[in-house]
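Colleague: This is protein.tsv, which holds TSV, C-alpha atoms:
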```tsv
chain	number	residue	atom	x	y	z
A	87	MET	CA	16.72	28.57	-20.51
A	88	ARG	CA	14.75	29.59	-17.45
A	89	SER	CA	11.49	29.15	-19.32
A	90	ALA	CA	12.60	25.72	-20.56
A	91	VAL	CA	13.34	24.63	-17.01
A	92	LEU	CA	10.01	26.00	-15.90
A	93	GLY	CA	8.33	24.14	-18.74
A	94	ILE	CA	9.93	20.85	-17.75
A	95	ALA	CA	8.99	21.49	-14.14
A	96	MET	CA	5.39	22.20	-15.10
A	97	ALA	CA	5.25	19.12	-17.31
A	98	SER	CA	6.54	17.05	-14.43
A	99	LEU	CA	4.03	18.72	-12.17
A	100	THR	CA	1.18	17.74	-14.43
A	101	ILE	CA	2.32	14.15	-14.21
A	102	LEU	CA	2.76	14.19	-10.48
A	103	THR	CA	0.15	16.64	-9.33
A	104	CYS	CA	-2.47	15.50	-6.91
A	105	SER	CA	-5.41	16.00	-4.68
A	106	VAL	CA	-6.10	14.17	-1.47
A	107	VAL	CA	-3.92	11.16	-0.87
A	108	GLN	CA	-5.60	8.02	0.34
A	109	ALA	CA	-4.51	5.07	2.40
A	110	ARG	CA	-2.99	2.52	0.03
A	111	PRO	CA	-3.56	4.58	-3.10
A	112	VAL	CA	-1.84	1.95	-5.23
A	113	SER	CA	-3.21	-1.58	-5.55
A	114	TYR	CA	-1.81	-4.84	-6.87
A	115	ALA	CA	-1.05	-5.20	-10.58
A	116	GLY	CA	-4.38	-5.29	-12.37
A	117	GLY	CA	-6.38	-4.11	-9.37
A	118	TRP	CA	-9.11	-1.50	-9.21
A	119	THR	CA	-10.00	0.63	-6.19
A	120	LEU	CA	-13.02	2.78	-5.39
A	121	ILE	CA	-12.48	5.49	-2.79
A	122	GLU	CA	-14.97	7.89	-1.25
A	123	VAL	CA	-13.83	10.62	1.12
A	124	ALA	CA	-15.97	13.08	3.04
A	125	ASN	CA	-14.41	15.35	5.65
A	126	ARG	CA	-14.74	18.92	6.86
A	127	ALA	CA	-13.28	20.26	3.63
A	128	SER	CA	-14.69	18.22	0.81
A	129	THR	CA	-16.58	15.25	-0.52
A	130	ALA	CA	-14.65	13.30	-3.11
A	131	GLY	CA	-14.73	10.15	-5.17
A	132	LEU	CA	-11.82	8.44	-6.84
A	133	VAL	CA	-11.63	5.33	-8.95
A	134	HIS	CA	-8.19	4.11	-9.89
A	135	TYR	CA	-6.52	1.26	-11.70
A	136	SER	CA	-3.06	-0.09	-10.97
A	137	PRO	CA	-1.29	-1.42	-14.07
A	138	ALA	CA	1.69	-2.26	-11.86
A	139	HIS	CA	2.28	-2.80	-8.17
A	140	ASN	CA	3.90	0.62	-7.82
A	141	PHE	CA	1.67	2.86	-9.93
A	142	SER	CA	-1.98	3.74	-10.30
A	143	VAL	CA	-3.95	6.15	-12.40
A	144	GLY	CA	-7.46	7.27	-11.63
A	145	LEU	CA	-10.24	9.76	-12.09
A	146	ARG	CA	-11.10	12.06	-9.24
A	147	HIS	CA	-14.13	14.22	-8.62
A	148	GLU	CA	-14.07	16.50	-5.61
A	149	TRP	CA	-16.57	18.96	-4.22
A	150	GLN	CA	-14.98	21.61	-2.04
A	151	ARG	CA	-18.06	22.40	-0.07
A	152	ALA	CA	-17.04	25.67	1.60
A	153	ASP	CA	-16.37	27.41	-1.71
A	154	ASP	CA	-18.76	25.27	-3.75
A	155	VAL	CA	-16.01	24.43	-6.19
A	156	LYS	CA	-16.05	21.18	-8.10
A	157	LEU	CA	-12.83	19.65	-9.27
A	158	THR	CA	-12.39	16.86	-11.80
A	159	ALA	CA	-8.92	15.50	-12.47
A	160	ILE	CA	-6.83	12.63	-13.68
A	161	GLN	CA	-4.84	11.39	-10.70
A	162	PRO	CA	-1.68	9.30	-11.05
A	163	THR	CA	0.00	7.90	-7.95
A	164	LEU	CA	3.48	6.47	-7.66
A	165	LEU	CA	4.65	4.16	-4.90
A	166	VAL	CA	8.18	5.49	-4.62
A	167	LYS	CA	9.32	3.12	-1.94
A	168	ARG	CA	7.93	0.37	0.26
A	169	TRP	CA	9.71	-0.83	3.36
A	170	PHE	CA	9.09	-4.43	4.32
A	171	GLY	CA	9.45	-6.31	7.55
A	172	ARG	CA	7.94	-9.34	9.18
A	173	GLU	CA	5.83	-7.15	11.46
A	174	TYR	CA	5.55	-3.90	9.55
A	175	GLN	CA	5.10	-2.16	6.27
A	176	GLY	CA	6.05	1.39	5.36
A	177	ASN	CA	5.21	3.31	2.20
A	178	PHE	CA	6.20	6.51	0.49
A	179	TYR	CA	3.88	7.76	-2.25
A	180	LEU	CA	3.81	10.70	-4.59
A	181	THR	CA	0.51	11.53	-6.18
A	182	GLY	CA	-1.01	14.23	-8.27
A	183	GLY	CA	-3.54	15.27	-10.81
A	184	LEU	CA	-4.45	17.62	-13.56
A	185	GLY	CA	-7.93	18.76	-14.42
A	186	THR	CA	-10.42	21.54	-14.15
A	187	ALA	CA	-12.04	23.33	-11.25
A	188	LYS	CA	-15.43	24.97	-11.61
A	189	ASP	CA	-17.01	27.52	-9.32
A	190	GLU	CA	-20.61	26.51	-8.64
A	191	SER	CA	-21.23	29.26	-6.08
A	192	PRO	CA	-23.24	32.45	-6.69
A	193	ASN	CA	-19.89	34.18	-7.28
A	194	LYS	CA	-19.65	32.35	-10.60
A	195	LEU	CA	-15.94	32.72	-11.00
A	196	GLY	CA	-16.09	30.24	-13.85
A	197	SER	CA	-13.68	27.43	-14.51
A	198	ASP	CA	-9.93	27.18	-14.37
A	199	THR	CA	-7.21	24.62	-14.77
A	200	ALA	CA	-6.36	22.84	-11.56
A	201	SER	CA	-3.22	20.98	-10.68
A	202	PHE	CA	-2.03	19.54	-7.43
A	203	VAL	CA	0.80	17.59	-5.96
A	204	GLY	CA	0.82	15.41	-2.88
A	205	VAL	CA	2.98	13.23	-0.77
A	206	MET	CA	2.13	10.51	1.72
A	207	VAL	CA	4.20	8.45	4.09
A	208	ASP	CA	2.80	5.71	6.28
A	209	TRP	CA	4.06	3.00	8.57
A	210	GLU	CA	1.95	0.31	10.11
A	211	THR	CA	1.95	-2.93	11.96
A	212	ARG	CA	-1.17	-4.96	12.66
A	213	THR	CA	-1.93	-2.82	15.69
A	214	LEU	CA	-0.14	0.50	15.18
A	215	PHE	CA	-0.49	3.04	12.40
A	216	VAL	CA	1.05	6.42	11.71
A	217	SER	CA	0.87	8.49	8.56
A	218	TYR	CA	1.48	11.94	7.17
A	219	GLU	CA	0.21	13.41	3.97
A	220	ALA	CA	0.24	16.78	2.31
A	221	ARG	CA	-1.43	18.36	-0.69
A	222	PHE	CA	-0.73	21.55	-2.57
A	223	LEU	CA	-3.49	22.58	-4.92
A	224	GLU	CA	-3.51	25.34	-7.52
A	225	GLN	CA	-6.81	26.37	-9.09
A	226	GLY	CA	-5.96	29.70	-10.69
A	227	ALA	CA	-8.67	32.27	-10.04
A	228	LEU	CA	-10.50	29.81	-7.81
A	229	GLY	CA	-7.76	29.89	-5.23
A	230	ASN	CA	-4.89	27.77	-4.03
A	231	GLN	CA	-4.97	25.43	-1.06
A	232	SER	CA	-2.55	23.53	1.09
A	233	MET	CA	-3.33	20.67	3.42
A	234	HIS	CA	-1.29	18.71	5.93
A	235	GLU	CA	-2.70	15.72	7.73
A	236	ALA	CA	-1.26	13.33	10.27
A	237	ARG	CA	-2.82	10.21	11.68
A	238	PHE	CA	-2.16	7.95	14.60
A	239	GLY	CA	-3.95	4.65	14.94
A	240	TRP	CA	-4.19	1.76	17.35
A	241	ALA	CA	-6.00	-1.52	16.93
A	242	PRO	CA	-7.19	-3.12	20.18
A	243	TYR	CA	-6.74	-6.57	18.63
A	244	ALA	CA	-4.93	-8.01	15.61
A	245	GLY	CA	-7.61	-9.34	13.32
A	246	ASP	CA	-6.75	-12.34	11.19
A	247	THR	CA	-7.52	-12.78	7.52
A	248	GLY	CA	-11.14	-12.08	6.68
A	249	GLU	CA	-12.05	-11.01	10.20
A	250	LEU	CA	-13.30	-7.58	11.11
A	251	HIS	CA	-10.35	-5.31	11.87
A	252	THR	CA	-11.11	-2.35	14.10
A	253	TRP	CA	-8.91	0.70	14.58
A	254	LEU	CA	-9.12	3.74	16.82
A	255	MET	CA	-7.56	6.70	15.07
A	256	LEU	CA	-6.87	10.34	15.63
A	257	GLU	CA	-6.48	12.66	12.68
A	258	VAL	CA	-4.97	16.13	12.91
A	259	ASP	CA	-5.19	18.30	9.83
A	260	ARG	CA	-4.11	21.79	8.92
A	261	ARG	CA	-5.76	23.77	6.16
A	262	GLU	CA	-4.48	27.30	5.70
A	263	HIS	CA	-7.57	28.47	3.85
A	264	PHE	CA	-9.92	27.56	6.70
A	265	GLU	CA	-10.82	29.73	9.66
A	266	ASP	CA	-9.98	26.85	11.99
A	267	LYS	CA	-6.65	26.12	10.42
A	268	THR	CA	-5.89	23.13	12.61
A	269	SER	CA	-8.50	20.59	13.55
A	270	VAL	CA	-8.77	17.24	15.27
A	271	THR	CA	-10.92	14.28	14.23
A	272	PRO	CA	-11.17	11.07	16.21
A	273	LEU	CA	-12.40	8.22	14.06
A	274	LEU	CA	-13.08	4.51	13.89
A	275	ARG	CA	-11.75	2.42	11.05
A	276	PHE	CA	-13.45	-0.86	10.18
A	277	PHE	CA	-11.66	-3.12	7.79
A	278	LYS	CA	-12.83	-6.45	6.42
A	279	GLY	CA	-11.64	-8.18	3.28
A	280	PRO	CA	-11.60	-5.73	0.37
A	281	ALA	CA	-13.66	-3.06	2.16
A	282	LEU	CA	-12.63	-0.29	4.54
A	283	LEU	CA	-14.96	2.14	6.29
A	284	GLU	CA	-13.97	5.10	8.44
A	285	LEU	CA	-16.39	7.05	10.59
A	286	GLY	CA	-15.37	10.09	12.59
A	287	TYR	CA	-16.34	13.53	13.74
A	288	ASN	CA	-14.30	16.69	13.59
A	289	LEU	CA	-14.24	18.21	17.08
A	290	THR	CA	-12.75	21.55	16.07
A	291	ASP	CA	-14.81	22.27	12.99
A	292	PRO	CA	-17.92	20.22	13.75
A	293	SER	CA	-18.53	17.95	10.81
A	294	PRO	CA	-18.62	14.23	10.11
A	295	LEU	CA	-15.92	12.18	8.44
A	296	VAL	CA	-17.03	9.27	6.29
A	297	ASN	CA	-14.45	7.46	4.18
A	298	PHE	CA	-14.96	4.25	2.25
A	299	THR	CA	-12.57	2.19	0.15
A	300	TYR	CA	-13.29	-0.94	-1.84
A	301	ARG	CA	-10.64	-2.90	-3.70
A	302	PHE	CA	-11.30	-5.42	-6.44
B	21	MET	CA	5.67	25.85	-2.83
B	22	ASN	CA	7.95	25.73	-5.90
B	23	LYS	CA	10.78	24.37	-3.80
B	24	THR	CA	8.51	21.68	-2.40
B	25	ILE	CA	7.37	20.64	-5.86
B	26	SER	CA	10.97	20.50	-7.09
B	27	LEU	CA	11.93	18.29	-4.16
B	28	LEU	CA	9.04	15.94	-4.82
B	29	ILE	CA	9.88	15.65	-8.50
B	30	ALA	CA	13.54	15.01	-7.71
B	31	ALA	CA	12.55	12.31	-5.23
B	32	ALA	CA	10.30	10.62	-7.76
B	33	LEU	CA	12.95	10.57	-10.45
B	34	SER	CA	15.75	9.37	-8.23
B	35	THR	CA	13.98	6.67	-6.26
B	36	SER	CA	12.08	3.54	-7.15
B	37	ALA	CA	9.64	1.41	-5.20
B	38	PHE	CA	11.10	-1.63	-3.56
B	39	ALA	CA	14.52	-0.01	-3.50
B	40	ASP	CA	16.20	-1.48	-0.51
B	41	ASP	CA	19.77	-1.24	0.62
B	42	GLY	CA	19.75	-4.70	2.07
B	43	ARG	CA	18.18	-6.38	-0.93
B	44	HIS	CA	19.94	-8.66	-3.35
B	45	GLU	CA	18.66	-10.73	-6.18
B	46	MET	CA	17.90	-14.24	-5.02
B	47	LYS	CA	20.12	-16.89	-6.51
B	48	HIS	CA	20.68	-20.23	-4.90
B	49	GLN	CA	23.02	-23.02	-5.72
B	50	GLY	CA	21.36	-26.04	-7.21
B	51	GLY	CA	18.99	-24.24	-9.53
B	52	ASP	CA	15.80	-22.32	-9.30
B	53	GLN	CA	14.41	-23.66	-6.07
B	54	MET	CA	15.10	-21.58	-3.01
B	55	LYS	CA	15.62	-23.98	-0.15
B	56	HIS	CA	15.51	-22.78	3.40
B	57	ALA	CA	15.95	-25.45	5.99
B	58	ASP	CA	13.84	-23.34	8.28
B	59	ILE	CA	12.85	-19.83	8.97
B	60	ASN	CA	16.12	-19.11	10.66
B	61	HIS	CA	17.91	-19.05	7.36
B	62	ASP	CA	20.55	-21.72	7.49
B	63	HIS	CA	23.81	-20.27	6.31
B	64	GLY	CA	25.16	-23.73	5.70
B	65	ALA	CA	25.22	-25.89	2.64
B	66	GLU	CA	22.01	-24.80	0.97
B	67	HIS	CA	22.70	-21.15	0.61
B	68	ASP	CA	25.52	-19.78	-1.49
B	69	HIS	CA	26.98	-16.61	-0.07
B	70	GLY	CA	29.67	-16.40	-2.67
B	71	ALA	CA	30.25	-13.82	-5.33
B	72	ASN	CA	27.08	-14.71	-7.20
B	73	HIS	CA	24.80	-14.33	-4.21
B	74	GLU	CA	22.07	-12.19	-5.63
B	75	HIS	CA	18.69	-11.83	-4.00
B	76	GLU	CA	15.60	-10.23	-5.34
B	77	SER	CA	12.72	-9.81	-2.96
B	78	HIS	CA	14.89	-11.26	-0.29
B	79	ASP	CA	15.41	-9.05	2.67
B	80	HIS	CA	18.41	-9.68	4.81
B	81	ASN	CA	16.88	-7.61	7.55
B	82	ALA	CA	13.79	-9.73	7.64
B	83	MET	CA	12.57	-12.69	9.57
B	84	ALA	CA	14.21	-15.37	7.53
B	85	HIS	CA	17.53	-13.73	8.14
B	86	ASP	CA	17.03	-12.47	11.61
B	87	HIS	CA	19.51	-14.40	13.62
B	88	GLY	CA	18.01	-12.89	16.73
B	89	ASP	CA	15.03	-15.15	16.14
B	90	MET	CA	17.07	-18.34	16.21
B	91	GLY	CA	14.94	-21.17	17.39
B	92	MET	CA	11.65	-19.78	16.08
B	93	LYS	CA	9.69	-22.60	14.51
B	94	ALA	CA	8.93	-22.26	10.83
B	95	ALA	CA	5.24	-21.83	10.06
B	96	THR	CA	3.52	-24.70	8.33
B	97	ILE	CA	0.68	-24.67	5.84
B	98	SER	CA	-2.61	-23.19	6.97
B	99	HIS	CA	-5.48	-25.62	6.88
B	100	THR	CA	-8.67	-24.40	5.30
B	101	ASP	CA	-11.34	-26.54	3.67
B	102	GLU	CA	-10.07	-25.52	0.25
B	103	ILE	CA	-6.46	-26.36	1.09
B	104	SER	CA	-7.34	-29.67	2.71
B	105	ALA	CA	-9.42	-30.67	-0.30
B	106	ALA	CA	-6.62	-29.74	-2.71
B	107	LEU	CA	-4.07	-31.69	-0.67
B	108	ALA	CA	-6.37	-34.70	-0.54
B	109	ILE	CA	-6.36	-35.02	-4.31
B	110	GLY	CA	-2.60	-34.92	-4.58
B	111	GLY	CA	-1.73	-31.22	-4.61
B	112	ALA	CA	1.71	-30.13	-3.49
B	113	PRO	CA	1.92	-27.87	-0.42
B	114	VAL	CA	3.96	-24.68	-0.45
B	115	VAL	CA	4.37	-22.21	2.39
B	116	VAL	CA	5.75	-18.77	1.65
B	117	ASP	CA	6.88	-16.39	4.38
B	118	VAL	CA	5.77	-12.95	3.23
B	119	LEU	CA	7.09	-9.62	4.42
B	120	GLY	CA	4.89	-6.59	4.92
B	121	VAL	CA	1.58	-8.42	5.14
B	122	VAL	CA	-0.24	-6.44	7.81
B	123	CYS	CA	-3.84	-6.09	6.66
B	124	ASP	CA	-6.67	-7.59	4.65
B	125	PHE	CA	-5.80	-5.47	1.59
B	126	CYS	CA	-2.49	-7.31	1.56
B	127	ALA	CA	-4.30	-10.64	1.72
B	128	THR	CA	-6.71	-9.55	-1.01
B	129	ALA	CA	-3.83	-8.59	-3.29
B	130	MET	CA	-2.06	-11.92	-2.84
B	131	ASN	CA	-5.31	-13.83	-3.35
B	132	LYS	CA	-6.12	-11.97	-6.56
B	133	ILE	CA	-2.67	-12.39	-8.08
B	134	PHE	CA	-2.06	-16.04	-7.18
B	135	SER	CA	-5.60	-17.23	-7.84
B	136	LYS	CA	-5.23	-16.28	-11.49
B	137	ARG	CA	-2.61	-18.98	-11.97
B	138	ASP	CA	-3.79	-22.34	-13.29
B	139	GLU	CA	-1.10	-24.07	-11.25
B	140	VAL	CA	-2.69	-22.93	-7.98
B	141	ALA	CA	-5.37	-25.23	-6.63
B	142	ALA	CA	-5.84	-23.48	-3.30
B	143	ILE	CA	-4.55	-20.41	-1.52
B	144	TYR	CA	-4.75	-18.80	1.89
B	145	VAL	CA	-3.01	-15.75	3.28
B	146	ASP	CA	-2.54	-16.03	7.03
B	147	LEU	CA	-2.01	-12.67	8.69
B	148	ASP	CA	-1.20	-14.28	12.03
B	149	LYS	CA	1.55	-16.45	10.59
B	150	LYS	CA	2.56	-13.92	7.90
B	151	THR	CA	2.43	-16.72	5.38
B	152	LEU	CA	0.97	-17.48	2.02
B	153	SER	CA	-0.15	-21.10	1.82
B	154	LEU	CA	-0.48	-22.59	-1.63
B	155	VAL	CA	-1.42	-25.97	-2.99
B	156	ILE	CA	-0.05	-26.61	-6.45
B	157	ASN	CA	-2.06	-28.86	-8.74
B	158	GLU	CA	-0.65	-32.32	-9.21
B	159	GLY	CA	1.56	-32.34	-12.29
B	160	SER	CA	2.02	-28.55	-12.23
B	161	ASP	CA	4.89	-26.50	-10.97
B	162	LEU	CA	5.31	-22.97	-9.71
B	163	SER	CA	8.98	-22.19	-9.27
B	164	ASP	CA	10.40	-20.05	-6.52
B	165	LYS	CA	11.20	-17.36	-9.05
B	166	GLN	CA	7.62	-17.38	-10.28
B	167	ILE	CA	6.34	-17.12	-6.72
B	168	GLU	CA	8.70	-14.22	-6.08
B	169	LYS	CA	7.50	-12.48	-9.22
B	170	LEU	CA	3.84	-12.96	-8.37
B	171	ALA	CA	4.39	-11.70	-4.83
B	172	LYS	CA	6.05	-8.63	-6.26
B	173	GLN	CA	3.08	-8.03	-8.57
B	174	ALA	CA	0.92	-8.12	-5.46
B	175	GLY	CA	3.23	-5.55	-3.90
B	176	TYR	CA	5.03	-7.75	-1.41
B	177	ARG	CA	8.27	-9.54	-0.84
B	178	ILE	CA	8.99	-13.06	0.22
B	179	ALA	CA	11.47	-14.16	2.86
B	180	ALA	CA	11.44	-17.93	2.47
B	181	ILE	CA	9.68	-20.76	0.68
B	182	ARG	CA	9.08	-24.24	2.04
B	183	ARG	CA	7.69	-27.12	0.09
B	184	ASP	CA	6.34	-30.61	0.62
B	185	SER	CA	7.26	-32.14	3.99
B	186	GLU	CA	8.83	-28.87	5.17
B	187	ALA	CA	5.61	-27.08	4.37
B	188	MET	CA	3.61	-29.71	6.23
B	189	GLY	CA	5.90	-29.55	9.23
B	190	GLY	CA	7.00	-33.11	8.83
```
If you took the structure in this file and wrote it as structure tokens, what would it be?
Modeller:
Amino acid sequence: MRSAVLGIAMASLTILTCSVVQARPVSYAGGWTLIEVANRASTAGLVHYSPAHNFSVGLRHEWQRADDVKLTAIQPTLLVKRWFGREYQGNFYLTGGLGTAKDESPNKLGSDTASFVGVMVDWETRTLFVSYEARFLEQGALGNQSMHEARFGWAPYAGDTGELHTWLMLEVDRREHFEDKTSVTPLLRFFKGPALLELGYNLTDPSPLVNFTYRF
Amino acid sequence: MNKTISLLIAAALSTSAFADDGRHEMKHQGGDQMKHADINHDHGAEHDHGANHEHESHDHNAMAHDHGDMGMKAATISHTDEISAALAIGGAPVVVDVLGVVCDFCATAMNKIFSKRDEVAAIYVDLDKKTLSLVINEGSDLSDKQIEKLAKQAGYRIAAIRRDSEAMGG
């Protein structure tokens, strides 16, 4: 019985497991999204398709630079709930993935199955933004990881449709497997039409942040 | 870790997107067309609050139902070159108050979904007004239910729909 429950839990995990959660990880029905993320921990690319307004499935490739581990995974994301208002929008996502992780370092620990689960909550108006996301990653012999990240953002002006939207943001992350477990990254977000670019610099663990999203 | 995963799985299985305690399926007397006299949601003759009052994508906590905003003027159609041209050749104006439209990704989603429809001659999402302006081709129709459904496919919810002279502010 216990093993059956564990089996169901693991099957569910493979459906829901995840890597890094992105802003708006689910698009409109029929929409595609390209996402690139580079921060102090990793450089990653994700392309996903949304068959429905509340679900997306994508392919993720992530290079964990510190350990020189490369991860490739299928990544589904579920919009569990969206809160609507005239001036705001809030979202609660679950995301995950299942794939393989490969050690490219001189240690040559080989490959292992990787699975991860993540959660993200955000709330935003046209000039205020707050979000929290977390990821729990299991890579067998290549090591497990956990990540928590919170963001606060403020836009000095409310850009209208098609105009350049500019945000000032502060990101605080915690990664237990890093020497500097908690770090702070101020960043700028530029947003215009279907494209979003974020540029920042980690003050605690000196490294650039470059994120790009394109929706089509 | 295991406890966290279990909680996340339980949340996913027990909750669905767009779940909303204040939401009801939209159903108005007089047929398919949702008629709001203005953005202040007239609780008079046009809006049945009887036993069959069911709203979908219709948020009672939102602008159209916010009685604290009494007196706010309903937004009219946005005028772009495309919209003006479509109106000039006989298109029918529609203004949709949309909830949750806060960024250009929202506008992109609405544009992509509505532009696919043959009935739509022109479209503009106005973030300032929080409206979706449509011009429907002469001789075509896009019902309120269809507009609701398309907005939902884009990931958003509508609060009110105004047509013709109401949409033009006349």
Colleague: Residues of chain A were defined as contacting chain B if any atom lay at most 9 Å from it, counting only C-alpha atoms; please report them as a count of residues only.
Modeller: 53
Colleague: Name the closest residue to A:Gly131 among the candidates A:Leu145, A:His234, A:Trp118, A:Pro292; distances are taken between atoms, counting all atoms listed in the file.
Modeller: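 Of the candidates, the smallest distance to A:Gly131 is held by A:Leu145.
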Colleague: Tell me which residues come within 8 Å of (4.4, -23.5, 10.1), as a PyMOL selection string, counting only C-alpha atoms in the file's coordinates.
Modeller: chain B and resi 93-98+115+149+187-189
Colleague: Rank A:Thr119, A:Asn230, A:Thr299, A:Gln225 by their smallest atom-to-atom distance to A:Leu283, using only C-alpha atoms, and report the top residue only.
Modeller: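 Closest to A:Leu283, using only C-alpha atoms: A:Thr299.
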Colleague: Just how far from atom CA of A:Met233 is atom CA of A:Pro272, in Å to one decimal?
Modeller: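 If I compute the distance from atom CA of A:Pro272 to atom CA of A:Met233, I get 17.8 Å.
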Colleague: So how many Å separate atom CA of A:Gln150 and atom CA of A:Gly286, to one decimal?
Modeller: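 Between atom CA of A:Gln150 and atom CA of A:Gly286 the gap is 18.6 Å.
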Colleague: Stretch 155-164 of chain B: which residues within 7 Å, counting all atoms listed in the file, same-chain residues fewer than 5 positions away excluded, as a PyMOL selection string?
Modeller: chain B and resi 52-54+103+106-107+110-114+139-143
Colleague: Just the number, please: distance in Å from atom CA of A:Tyr300 to atom CA of A:Tyr218, one decimal.
Modeller: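 Between these atoms lies a distance of 21.6 Å.
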Colleague: Find, counting all atoms listed in the file, the residue in B:Asp138, B:Val116, B:Gly190, B:Ala105 that gets nearest to B:Ile167.
Modeller: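 Residue with the minimum atom-to-atom distance to B:Ile167: B:Val116.
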Colleague: Of the candidates A:Ala124, A:Phe141, A:Ala130, A:Trp240, which one gets nearest to A:Val112 if we count all atoms listed in the file?
Modeller: A:Phe141
